[in-house]
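Asks: Got a file for you: data29.txt, compact mmCIF, C-alpha atoms.
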# COMPACT_ATOMS: atom_id res chain seq x y z
CA MET A 44 193.97 111.98 134.31
CA SER A 45 193.25 109.57 131.48
CA GLU A 46 194.79 110.07 128.06
CA ARG A 47 191.26 109.50 126.77
CA TYR A 48 190.27 113.06 127.70
CA SER A 49 193.59 114.79 126.94
CA ARG A 50 192.27 116.80 123.97
CA GLN A 51 189.57 118.50 126.00
CA ILE A 52 191.69 118.87 129.14
CA VAL A 53 194.13 121.07 127.19
CA LEU A 54 191.28 123.54 126.57
CA GLN A 55 192.01 126.53 128.82
CA VAL A 56 188.39 127.20 129.81
CA PHE A 57 187.86 123.50 130.60
CA GLY A 58 191.05 121.90 131.92
CA VAL A 59 191.51 119.22 134.58
CA ASN A 60 188.94 121.01 136.70
CA GLY A 61 186.29 120.71 133.99
CA GLN A 62 187.10 117.04 133.44
CA ASN A 63 186.87 116.32 137.16
CA LYS A 64 183.44 117.93 137.25
CA LEU A 65 182.25 115.74 134.36
CA SER A 66 183.59 112.55 135.94
CA LYS A 67 181.76 113.34 139.20
CA ALA A 68 178.50 114.21 137.42
CA SER A 69 175.53 112.08 136.46
CA VAL A 70 173.08 112.59 133.59
CA LEU A 71 169.78 110.81 133.00
CA VAL A 72 168.75 110.64 129.34
CA ILE A 73 165.06 109.93 128.75
CA GLY A 74 164.57 108.57 125.26
CA ALA A 75 167.22 106.67 123.28
CA GLY A 76 165.82 107.68 119.90
CA GLY A 77 167.09 110.30 117.44
CA LEU A 78 167.99 112.91 120.06
CA GLY A 79 169.17 110.38 122.63
CA CYS A 80 171.48 108.43 120.28
CA ALA A 81 173.44 111.60 119.52
CA ALA A 82 173.40 113.05 123.03
CA LEU A 83 174.43 109.76 124.66
CA GLN A 84 177.46 109.20 122.43
CA TYR A 85 178.96 112.61 123.23
CA LEU A 86 178.15 112.41 126.94
CA THR A 87 179.88 109.01 126.97
CA GLY A 88 182.85 110.24 125.00
CA ALA A 89 183.24 113.31 127.22
CA GLY A 90 183.45 111.13 130.34
CA ILE A 91 180.29 111.94 132.30
CA GLY A 92 180.80 109.67 135.35
CA ARG A 93 177.37 108.08 135.47
CA ILE A 94 174.76 107.94 132.69
CA GLY A 95 171.24 106.49 132.81
CA VAL A 96 169.40 105.52 129.62
CA VAL A 97 165.60 105.29 129.86
CA ASP A 98 163.59 103.88 126.95
CA GLY A 99 160.99 101.12 126.86
CA ASP A 100 160.89 100.84 123.06
CA SER A 101 162.51 98.33 120.73
CA VAL A 102 164.50 99.22 117.62
CA SER A 103 162.49 99.27 114.39
CA LEU A 104 163.72 99.54 110.80
CA SER A 105 162.21 103.01 110.37
CA ASN A 106 164.33 104.26 113.32
CA LEU A 107 167.69 103.54 111.70
CA HIS A 108 167.89 106.62 109.46
CA ARG A 109 168.29 108.81 112.56
CA GLN A 110 168.99 106.52 115.53
CA VAL A 111 172.61 105.91 114.67
CA LEU A 112 173.55 103.83 117.74
CA TYR A 113 171.67 100.85 116.29
CA SER A 114 172.53 98.50 113.47
CA THR A 115 170.17 96.54 111.24
CA ALA A 116 170.79 93.41 113.33
CA ASP A 117 169.42 95.27 116.40
CA VAL A 118 165.88 95.56 114.99
CA GLY A 119 163.44 94.17 117.58
CA LYS A 120 165.86 94.52 120.51
CA LEU A 121 165.42 96.92 123.45
CA LYS A 122 166.93 100.32 122.72
CA ALA A 123 168.07 101.03 126.29
CA VAL A 124 169.91 97.69 126.48
CA ILE A 125 171.60 97.95 123.07
CA ALA A 126 172.50 101.61 123.61
CA SER A 127 174.12 100.96 126.98
CA GLN A 128 176.09 97.99 125.56
CA LYS A 129 177.48 100.10 122.70
CA LEU A 130 178.20 103.08 124.95
CA THR A 131 179.99 100.90 127.51
CA ALA A 132 182.15 99.50 124.71
CA ALA A 133 182.95 103.05 123.62
CA ASN A 134 183.95 104.13 127.14
CA PRO A 135 184.32 101.38 129.76
CA GLU A 136 185.69 103.91 132.29
CA ILE A 137 182.23 105.28 133.13
CA ALA A 138 179.05 103.72 134.57
CA ILE A 139 176.15 103.35 132.16
CA LYS A 140 172.85 101.93 133.34
CA ALA A 141 169.94 100.85 131.15
CA PHE A 142 166.32 101.37 132.24
CA PRO A 143 164.29 99.51 129.59
CA CYS A 144 160.95 100.93 130.72
CA MET A 145 158.68 103.86 129.99
CA ILE A 146 158.96 106.72 132.46
CA ASN A 147 155.70 107.46 134.26
CA GLU A 148 154.15 109.18 137.27
CA ASP A 149 155.10 106.25 139.53
CA ASN A 150 158.75 105.66 138.65
CA SER A 151 160.00 109.10 137.56
CA LEU A 152 160.61 111.02 140.79
CA ASP A 153 162.75 108.34 142.45
CA LEU A 154 164.75 107.89 139.25
CA LEU A 155 165.28 111.62 138.60
CA LYS A 156 166.48 112.20 142.18
CA LYS A 157 169.47 109.91 141.54
CA TYR A 158 170.89 112.11 138.74
CA ASP A 159 172.32 115.66 138.60
CA VAL A 160 171.09 116.67 135.12
CA ILE A 161 168.00 115.46 133.26
CA MET A 162 167.88 115.35 129.47
CA ASP A 163 164.53 115.26 127.67
CA CYS A 164 165.16 113.28 124.48
CA SER A 165 161.61 111.93 124.38
CA ASP A 166 159.20 111.99 121.47
CA ASN A 167 155.82 112.79 123.02
CA PHE A 168 154.18 115.61 124.97
CA GLY A 169 153.10 113.34 127.84
CA THR A 170 156.71 112.53 128.74
CA ARG A 171 157.85 116.11 128.06
CA TYR A 172 155.31 117.63 130.47
CA LEU A 173 155.95 114.89 133.02
CA LEU A 174 159.72 115.61 132.97
CA ASN A 175 159.13 119.36 133.02
CA ASP A 176 156.88 119.21 136.06
CA ALA A 177 159.06 116.67 137.89
CA CYS A 178 162.26 118.69 137.28
CA ALA A 179 160.56 121.92 138.38
CA MET A 180 159.37 120.20 141.56
CA LEU A 181 162.79 118.65 142.30
CA ASN A 182 164.67 121.78 141.09
CA LYS A 183 166.78 119.65 138.70
CA PRO A 184 168.36 121.17 135.58
CA LEU A 185 166.40 120.01 132.51
CA ILE A 186 167.85 120.09 129.01
CA PHE A 187 164.95 120.04 126.59
CA ALA A 188 165.03 119.45 122.82
CA ALA A 189 162.39 118.55 120.26
CA VAL A 190 162.23 118.28 116.48
CA SER A 191 159.69 118.52 113.70
CA GLY A 192 160.39 118.20 109.98
CA TRP A 193 163.51 120.30 109.34
CA GLU A 194 163.41 122.32 112.56
CA GLY A 195 164.39 121.86 116.19
CA GLN A 196 163.98 123.59 119.55
CA ILE A 197 166.34 123.43 122.51
CA ALA A 198 166.19 125.07 125.95
CA VAL A 199 167.80 124.67 129.36
CA PHE A 200 165.47 125.05 132.32
CA ASP A 201 167.54 125.83 135.40
CA ASN A 202 168.14 128.64 137.86
CA ASN A 203 169.98 131.54 136.22
CA GLU A 204 172.50 133.78 138.00
CA HIS A 205 169.58 135.74 139.51
CA GLY A 206 167.85 132.61 140.79
CA VAL A 207 165.11 132.85 138.16
CA ARG A 208 163.97 129.53 136.77
CA THR A 209 161.53 129.14 133.90
CA ASN A 210 159.98 125.91 132.68
CA TYR A 211 158.29 124.58 129.54
CA ARG A 212 154.87 125.67 130.80
CA ASP A 213 156.07 129.29 130.62
CA ILE A 214 156.12 128.76 126.84
CA PHE A 215 153.22 126.34 126.37
CA GLN A 216 151.00 126.28 129.46
CA ASN A 217 148.93 123.21 128.68
CA GLN A 218 149.86 119.83 127.31
CA PRO A 219 148.57 119.59 123.71
CA GLY A 220 146.24 116.70 122.90
CA ASN A 221 147.72 113.64 121.24
CA SER A 222 146.52 114.69 117.82
CA GLU A 223 146.95 118.46 118.03
CA ILE A 224 150.58 118.56 116.96
CA PRO A 225 151.93 116.08 114.42
CA ASN A 226 154.75 113.81 115.64
CA CYS A 227 157.66 112.40 113.62
CA GLU A 228 155.52 109.50 112.41
CA GLU A 229 152.88 111.80 110.95
CA ASN A 230 155.04 114.77 109.99
CA GLY A 231 158.35 113.14 109.10
CA VAL A 232 161.82 114.18 110.20
CA ILE A 233 165.11 114.39 108.31
CA GLY A 234 167.50 111.92 109.92
CA VAL A 235 170.40 114.28 110.62
CA LEU A 236 168.21 116.85 112.47
CA PRO A 237 167.79 115.03 115.81
CA GLY A 238 171.51 114.22 115.56
CA ILE A 239 172.28 117.95 115.53
CA MET A 240 169.78 118.80 118.28
CA GLY A 241 170.85 115.86 120.47
CA THR A 242 174.49 116.88 120.04
CA MET A 243 173.53 120.42 121.10
CA GLN A 244 171.86 118.94 124.20
CA ALA A 245 175.09 117.10 125.07
CA ALA A 246 177.01 120.36 124.58
CA GLU A 247 174.65 122.18 126.96
CA ALA A 248 175.02 119.43 129.59
CA ILE A 249 178.82 119.58 129.35
CA LYS A 250 178.80 123.42 129.60
CA LEU A 251 176.37 123.35 132.52
CA ILE A 252 178.36 120.76 134.47
CA ALA A 253 181.85 122.09 133.70
CA GLY A 254 180.79 125.72 134.16
CA SER A 255 182.00 126.68 130.66
CA GLY A 256 180.45 129.41 128.53
CA GLN A 257 176.81 130.46 128.74
CA PRO A 258 174.33 127.57 128.73
CA LEU A 259 170.94 128.34 127.16
CA ILE A 260 169.29 128.89 130.54
CA ASN A 261 165.79 130.37 130.20
CA GLN A 262 166.26 130.69 126.43
CA LEU A 263 164.56 128.85 123.59
CA LEU A 264 166.78 128.30 120.57
CA ASN A 265 164.99 127.54 117.29
CA TYR A 266 167.14 125.85 114.67
CA ASN A 267 166.26 125.50 110.97
CA LEU A 268 168.33 122.97 109.08
CA LEU A 269 167.17 124.14 105.64
CA ASP A 270 168.96 127.49 105.89
CA GLN A 271 171.14 126.77 108.96
CA SER A 272 169.47 129.66 110.77
CA VAL A 273 169.22 130.05 114.53
CA TYR A 274 166.65 132.24 116.31
CA THR A 275 166.91 132.46 120.07
CA VAL A 276 164.24 134.01 122.27
CA HIS A 277 164.33 134.86 125.99
CA ILE A 278 161.82 132.97 128.11
CA LEU A 279 160.19 135.11 130.77
CA PRO A 280 158.15 133.55 133.57
CA ALA A 281 154.41 133.57 132.78
CA PRO A 282 152.24 135.73 135.10
CA ALA A 283 151.30 134.02 138.38
CA GLY A 284 148.24 131.82 138.01
CA SER A 285 148.74 131.13 134.27
CA TYR A 286 149.32 127.47 135.06
CA LYS A 287 149.80 125.22 138.05
CA LEU A 288 152.79 122.99 138.66
CA PRO A 289 152.41 120.03 141.01
CA ILE A 290 154.15 120.76 144.31
CA SER A 291 153.80 117.37 145.99
CA TYR A 292 154.15 113.71 145.05
CA ASP A 293 150.37 113.28 145.36
CA GLU A 294 149.62 116.24 143.09
CA PHE A 295 152.16 114.98 140.55
CA LYS A 296 150.67 111.48 140.54
CA ALA A 297 147.18 112.88 140.06
CA ILE A 298 148.10 114.39 136.68
CA HIS A 299 147.57 111.90 133.87
CA TYR A 300 150.40 112.76 131.48
CA HIS A 301 149.86 109.72 129.28
CA PRO A 302 146.08 109.35 129.00
CA ILE A 303 146.30 106.52 126.46
CA SER A 304 148.73 104.44 128.48
CA LEU A 305 146.34 104.63 131.43
CA GLY A 306 143.80 102.64 129.48
CA TYR A 307 141.13 105.25 128.80
CA ASN A 308 141.21 104.33 125.12
CA LYS A 309 139.85 100.89 126.01
CA ASP A 310 136.72 102.62 127.14
CA VAL A 311 136.36 104.72 124.01
CA GLU A 312 134.78 102.96 121.07
CA GLU A 313 135.47 103.94 117.48
CA ILE A 314 132.31 103.61 115.42
CA ASP A 315 131.06 104.11 111.86
CA PHE A 316 128.27 106.45 110.73
CA GLU A 317 125.63 103.71 110.71
CA LYS A 318 126.22 103.17 114.42
CA ILE A 319 125.79 106.91 115.04
CA HIS A 320 122.39 106.86 113.33
CA ASP A 321 121.52 103.73 115.28
CA LEU A 322 122.44 105.40 118.59
CA ILE A 323 120.56 108.62 117.78
CA ASP A 324 117.44 106.63 116.92
CA LYS A 325 117.44 104.52 120.08
CA VAL A 326 118.96 106.44 123.02
CA PRO A 327 119.65 110.08 123.97
CA THR A 328 122.90 110.84 122.15
CA LEU A 329 124.96 114.01 122.07
CA VAL A 330 127.08 114.54 118.94
CA ILE A 331 130.01 116.94 119.46
CA ASP A 332 131.91 118.27 116.44
CA VAL A 333 135.43 119.14 117.67
CA ARG A 334 136.56 120.71 114.38
CA GLU A 335 137.39 124.40 114.25
CA ILE A 336 134.59 126.76 113.18
CA HIS A 337 136.00 127.24 109.66
CA GLU A 338 136.20 123.53 108.78
CA ARG A 339 133.81 122.14 106.18
CA PRO A 340 131.59 120.32 105.35
CA SER A 341 129.14 121.06 108.17
CA LEU A 342 127.32 118.14 109.79
CA SER A 343 123.70 117.66 108.75
CA ILE A 344 122.80 115.65 111.86
CA LYS A 345 121.93 117.43 115.14
CA HIS A 346 125.11 118.32 117.00
CA ILE A 347 126.94 120.92 119.09
CA GLN A 348 130.36 122.31 118.13
CA ILE A 349 133.23 122.57 120.62
CA PRO A 350 136.45 123.19 118.67
CA MET A 351 139.51 121.32 119.93
CA SER A 352 141.31 124.64 120.46
CA VAL A 353 138.83 125.54 123.24
CA PHE A 354 137.73 122.02 124.20
CA ASP A 355 139.35 121.99 127.65
CA PHE A 356 137.37 124.96 128.96
CA SER A 357 134.22 125.00 126.81
CA LEU A 358 132.58 121.71 127.78
CA PRO A 359 129.08 121.98 129.27
CA GLN A 360 129.00 121.55 133.06
CA GLU A 361 126.48 118.72 132.80
CA ILE A 362 125.88 116.32 129.96
CA ASP A 363 122.47 114.67 130.24
CA GLU A 364 122.77 112.27 127.32
CA GLN A 365 123.86 108.71 127.96
CA ASN A 366 125.88 108.52 124.75
CA ILE A 367 128.42 111.05 123.52
CA VAL A 368 129.86 110.84 120.01
CA LEU A 369 132.91 112.92 119.09
CA VAL A 370 133.42 113.83 115.43
CA CYS A 371 136.24 115.59 113.57
CA GLN A 372 137.69 115.69 110.06
CA HIS A 373 139.80 112.51 110.08
CA GLY A 374 138.93 110.79 113.37
CA ILE A 375 142.22 111.66 115.12
CA ARG A 376 141.26 114.77 117.11
CA SER A 377 137.89 113.23 118.00
CA LEU A 378 139.67 110.22 119.52
CA ALA A 379 141.88 112.51 121.61
CA ALA A 380 138.78 114.49 122.68
CA ALA A 381 137.00 111.24 123.54
CA GLU A 382 139.94 110.22 125.74
CA LYS A 383 139.81 113.58 127.52
CA LEU A 384 136.08 113.15 128.12
CA ARG A 385 136.55 109.60 129.33
CA SER A 386 138.88 110.81 132.05
CA ARG A 387 136.32 113.37 133.23
CA LEU A 388 132.95 111.69 132.95
CA PRO A 389 131.53 108.87 135.05
CA ASP A 390 131.90 105.32 133.76
CA GLN A 391 128.16 105.04 133.05
CA LYS A 392 128.47 107.32 130.02
CA ASN A 393 129.28 105.72 126.68
CA ILE A 394 131.84 107.66 124.69
CA TYR A 395 132.39 107.13 120.98
CA SER A 396 134.62 108.56 118.27
CA LEU A 397 133.72 108.52 114.58
CA ALA A 398 136.38 106.39 112.86
CA GLY A 399 137.85 108.10 109.79
CA GLY A 400 136.03 111.33 110.56
CA VAL A 401 133.75 113.40 108.36
CA VAL A 402 136.01 112.85 105.36
CA ARG A 403 135.39 109.10 105.30
CA TRP A 404 131.60 109.44 105.60
CA TYR A 405 131.31 112.50 103.39
CA GLY A 406 127.68 113.15 102.39
CA GLN A 407 126.29 110.66 104.88
CA LEU A 408 126.25 112.84 107.99
CA MET B 19 152.72 149.79 109.53
CA GLU B 20 155.06 146.89 108.89
CA ILE B 21 155.92 143.95 111.12
CA ASP B 22 158.59 141.35 110.42
CA ILE B 23 156.84 138.01 110.93
CA ILE B 24 159.01 134.94 111.59
CA THR B 25 157.19 131.63 111.60
CA PHE B 26 158.28 128.15 112.65
CA GLY B 27 157.28 124.53 112.05
CA LYS B 28 153.79 123.90 110.68
CA ILE B 29 152.93 127.59 111.11
CA SER B 30 155.32 128.42 108.23
CA GLU B 31 152.95 126.46 106.00
CA ILE B 32 150.06 128.74 107.03
CA ILE B 33 151.76 132.13 107.39
CA PRO B 34 154.65 133.14 105.13
CA ASN B 35 157.86 134.45 106.65
CA GLY B 36 158.66 138.11 106.00
CA ILE B 37 157.53 141.72 106.27
CA MET B 38 153.74 141.98 106.60
CA SER B 39 151.70 145.18 106.28
CA PHE B 40 148.94 146.14 108.72
CA ALA B 41 146.59 149.16 108.73
CA ALA B 42 147.24 149.76 112.40
CA VAL B 43 148.09 147.43 115.24
CA THR B 44 148.48 148.81 118.73
CA ASP B 45 149.33 145.74 120.76
CA THR B 46 150.07 142.01 120.60
CA ASP B 47 146.50 140.97 121.53
CA GLU B 48 145.23 142.91 118.52
CA LEU B 49 147.95 141.44 116.32
CA LYS B 50 146.91 137.91 117.35
CA ALA B 51 143.27 138.64 116.51
CA ILE B 52 144.18 140.07 113.08
CA LEU B 53 146.49 137.14 112.29
CA GLU B 54 143.83 134.59 113.31
CA GLN B 55 141.34 136.44 111.10
CA ARG B 56 143.72 136.52 108.12
CA TYR B 57 144.85 132.93 108.69
CA PRO B 58 141.91 131.07 110.33
CA GLN B 59 143.93 127.84 110.63
CA LEU B 60 146.17 129.58 113.18
CA ALA B 61 143.25 129.72 115.63
CA GLY B 62 143.24 125.92 115.87
CA ILE B 63 146.94 125.62 116.68
CA LYS B 64 148.84 126.08 119.94
CA TYR B 65 151.46 128.78 119.46
CA LYS B 66 153.47 131.35 121.37
CA LEU B 67 154.54 134.84 120.26
CA ALA B 68 157.89 136.48 120.86
CA LEU B 69 158.29 140.24 120.36
CA ASN B 70 161.83 141.31 119.44
CA LYS B 71 163.18 137.97 120.72
CA THR B 72 161.39 137.97 124.10
CA LEU B 73 158.39 135.74 124.83
CA ILE B 74 155.09 137.59 125.17
CA GLN B 75 153.54 136.79 128.56
CA GLU B 76 151.04 139.65 128.65
CA ASN B 77 149.68 142.16 126.16
CA LYS B 78 152.52 144.39 124.87
CA PRO B 79 152.50 147.49 122.66
CA VAL B 80 153.51 146.93 119.04
CA THR B 81 155.31 149.60 117.00
CA ASP B 82 156.31 149.90 113.35
CA GLY B 83 159.25 147.67 112.40
CA VAL B 84 159.14 145.20 115.29
CA THR B 85 159.87 141.50 114.80
CA VAL B 86 157.27 138.99 115.91
CA ALA B 87 158.06 135.26 116.02
CA ILE B 88 155.21 132.71 116.00
CA MET B 89 156.30 129.39 117.46
CA PRO B 90 154.40 126.10 117.81
CA PRO B 91 155.41 123.34 120.23
CA PHE B 92 157.36 120.38 118.77
CA SER B 93 157.11 116.90 120.23
CA GLY B 94 159.39 114.78 118.01
CA GLY B 95 162.61 113.22 119.12
Translate the structure described by the file into structure tokens.
Replies:
Amino acid sequence: MSERYSRQIVLQVFGVNGQNKLSKASVLVIGAGGLGCAALQYLTGAGIGRIGVVDGDSVSLSNLHRQVLYSTADVGKLKAVIASQKLTAANPEIAIKAFPCMINEDNSLDLLKKYDVIMDCSDNFGTRYLLNDACAMLNKPLIFAAVSGWEGQIAVFDNNEHGVRTNYRDIFQNQPGNSEIPNCEENGVIGVLPGIMGTMQAAEAIKLIAGSGQPLINQLLNYNLLDQSVYTVHILPAPAGSYKLPISYDEFKAIHYHPISLGYNKDVEEIDFEKIHDLIDKVPTLVIDVREIHERPSLSIKHIQIPMSVFDFSLPQEIDEQNIVLVCQHGIRSLAAAEKLRSRLPDQKNIYSLAGGVVRWYGQL
Amino acid sequence: MEIDIITFGKISEIIPNGIMSFAAVTDTDELKAILEQRYPQLAGIKYKLALNKTLIQENKPVTDGVTVAIMPPFSGG
């Protein structure tokens, strides 16, 4: 066995047996950002036999504070390509493959089948729910982590010793809309946080593969960097019928995990308040306020209110009006609601979102 | 009665962490309703409750001194 791994082979609960298991294992890492950069370096160092790196993004300057595999000279280059070059240099004894593409309903199942353990290092709910559903369908271990601000979450979704397997939908049944939960761009993230969470993901993968310790199976660990506190909760399966997982390739493909990437946004027009008045005057137009009940100021124009929190199940069965205008406070939720509507209504309907929201046109609506 | 409320992420900005007093709460459904009344912004956010470190999947009785965690989903990476 290689001198490279001698310091971990001497560990009694790991040993040559543990190292052999790592060298025979394969891990697919989706996302080579903050979480992925950390996870990938330790998986590579530990000697996982085969590693796949999936990311369709290029390096940008604002990534560098947390995505520590990249240097300033890498700005503009493909993350998956640069990451796999640097990882191969760090450990040429293992096989690292770059997939410089976004994972989607078409390419994910074939790709996931080729790896033993799947690691969700992505940065958006579309990819997270896609990986969750695909891993549940294929019965692949999924190591999930996500960050926000100064806090992180990590969980391992796999069969426990009693054969019970939970998944992300047991915690959060439905995929939140694009604007419901702020991402790192909107909310910010301290650079070291995804480094810690990604390193924890690598630790869970190594434990899971080598059979060491107790991986966080069916548990959600919450980490707070500000006070270094950890709060772990047990995930129980949700009651039957709470949600539906796809059970076939066709069902999986029918779920649109990334509504924007499927082009619905091209069919949603962002408009100003003058255009709303213009539409109302000329053609039957339904204005829907998607703000929560408590949000002010109220609209003075004729409208109905369907708060975003109940939007999915409170829409009218039939909408007679030709034009539908979605309105919210800043124009972000209304755009997400418009995209949802676009995917459900026939193409003949015109769907609009008020750009800048009520705040921008204060006093004029 | 008193309940130890532990909040995470953006929910910490709406609901403070710590012991909170209630006139009477019998179960987690009632607790959710009271919290959403006290903190209306909570009603517009996706969140999950855990009672004494176990996720709540159906209405559960609440007794004095329990710990309730309120967790939102995170998407960042």
Asks: Take the point (170.3, 102.3, 116.0) in the file's coordinates, draw a sphere of radius 9 Å around it, and report as a PyMOL selection string every protein, DNA or RNA residue with an atom inside or on it, counting only C-alpha atoms.
Replies: chain A and resi 76-77+80+102-104+106-115+117-118+122+125-126
Asks: Would you kindly return, as an NGL selection string, each protein, DNA or RNA residue with an atom no farther than 12 Å from any atom of stretch 52-63 of chain B, considering only C-alpha atoms and excluding same-chain residues fewer than 6 positions away?
Replies: (:A and (215 or 219-220 or 222-225 or 333-338 or 349-354 or 376)) or (:B and (21 or 23 or 25 or 27-34 or 38-46 or 86 or 88-92))
Asks: Near A:Leu154, within 12 Å and counting all atoms listed in the file, which residues show up once chain neighbours fewer than 2 positions away are dropped, as a PyMOL selection string?
Replies: chain A and resi 69-73+94-97+140-142+144-152+156-161+174+177-178+181+183
Asks: For chain A, which residues have at least one atom within 7 Å of chain B, if we go by all atoms listed in the file? Write them as a ChimeraX atom specification, please.
Replies: /A:76-78,164-168,189-191,194,214,226-227,237,275-279,281-282,335,352
Asks: If I take atom CA of A:Ile52 and atom CA of A:Ile249, how far is one from the other in Å, to one decimal?
Replies: 12.9 Å
Asks: Could you please determine the separation between atom CA of A:Glu317 and atom CA of A:Pro359 in Å, to one decimal place?
Replies: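 Value for the atom CA of A:Glu317-atom CA of A:Pro359 distance: 26.3 Å.
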Asks: Expressed in Å to a single decimal, how great is the separation between atom CA of A:Val53 and atom CA of A:Leu264?
Replies: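 Those two atoms sit 29.1 Å apart.
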Asks: Around (127.4, 102.8, 117.7), as given in the file, which residues come within 10 Å? Count all atoms listed in the file and list them as number ranges by chain.
Replies: A: 312-323, 366, 368, 393-397
Asks: Give me the residues near stretch 55-59 of chain A as a list in words, where near means some atom within 8 Å (using all atoms listed in the file) and where sequence neighbours in that chain fewer than 3 positions away do not count.
Replies: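 The neighbour list is Met44, Gln51, Ile52, Gln62, Asn63, Ala253 and Ser255 of chain A.
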Asks: Take the residues from that selection and write them out as a PDB file, in the frame of the given file, keeping C-alpha atoms.
Replies:
ATOM      1  CA  MET A  44     193.970 111.980 134.310  1.00  0.00           C
ATOM      2  CA  GLN A  51     189.570 118.500 126.000  1.00  0.00           C
ATOM      3  CA  ILE A  52     191.690 118.870 129.140  1.00  0.00           C
ATOM      4  CA  GLN A  62     187.100 117.040 133.440  1.00  0.00           C
ATOM      5  CA  ASN A  63     186.870 116.320 137.160  1.00  0.00           C
ATOM      6  CA  ALA A 253     181.850 122.090 133.700  1.00  0.00           C
ATOM      7  CA  SER A 255     182.000 126.680 130.660  1.00  0.00           C
TER       8      SER A 255
END
Asks: Please determine an axis-aligned box that encloses all atoms of stretch 24-30 of chain B listed in the file, with 5 Å added on each side, and express its centre and edge lengths in Å to one decimal as JSON.
Replies:
{"center_x": 156.0, "center_y": 129.4, "center_z": 110.4, "size_x": 16.1, "size_y": 21.0, "size_z": 14.4}
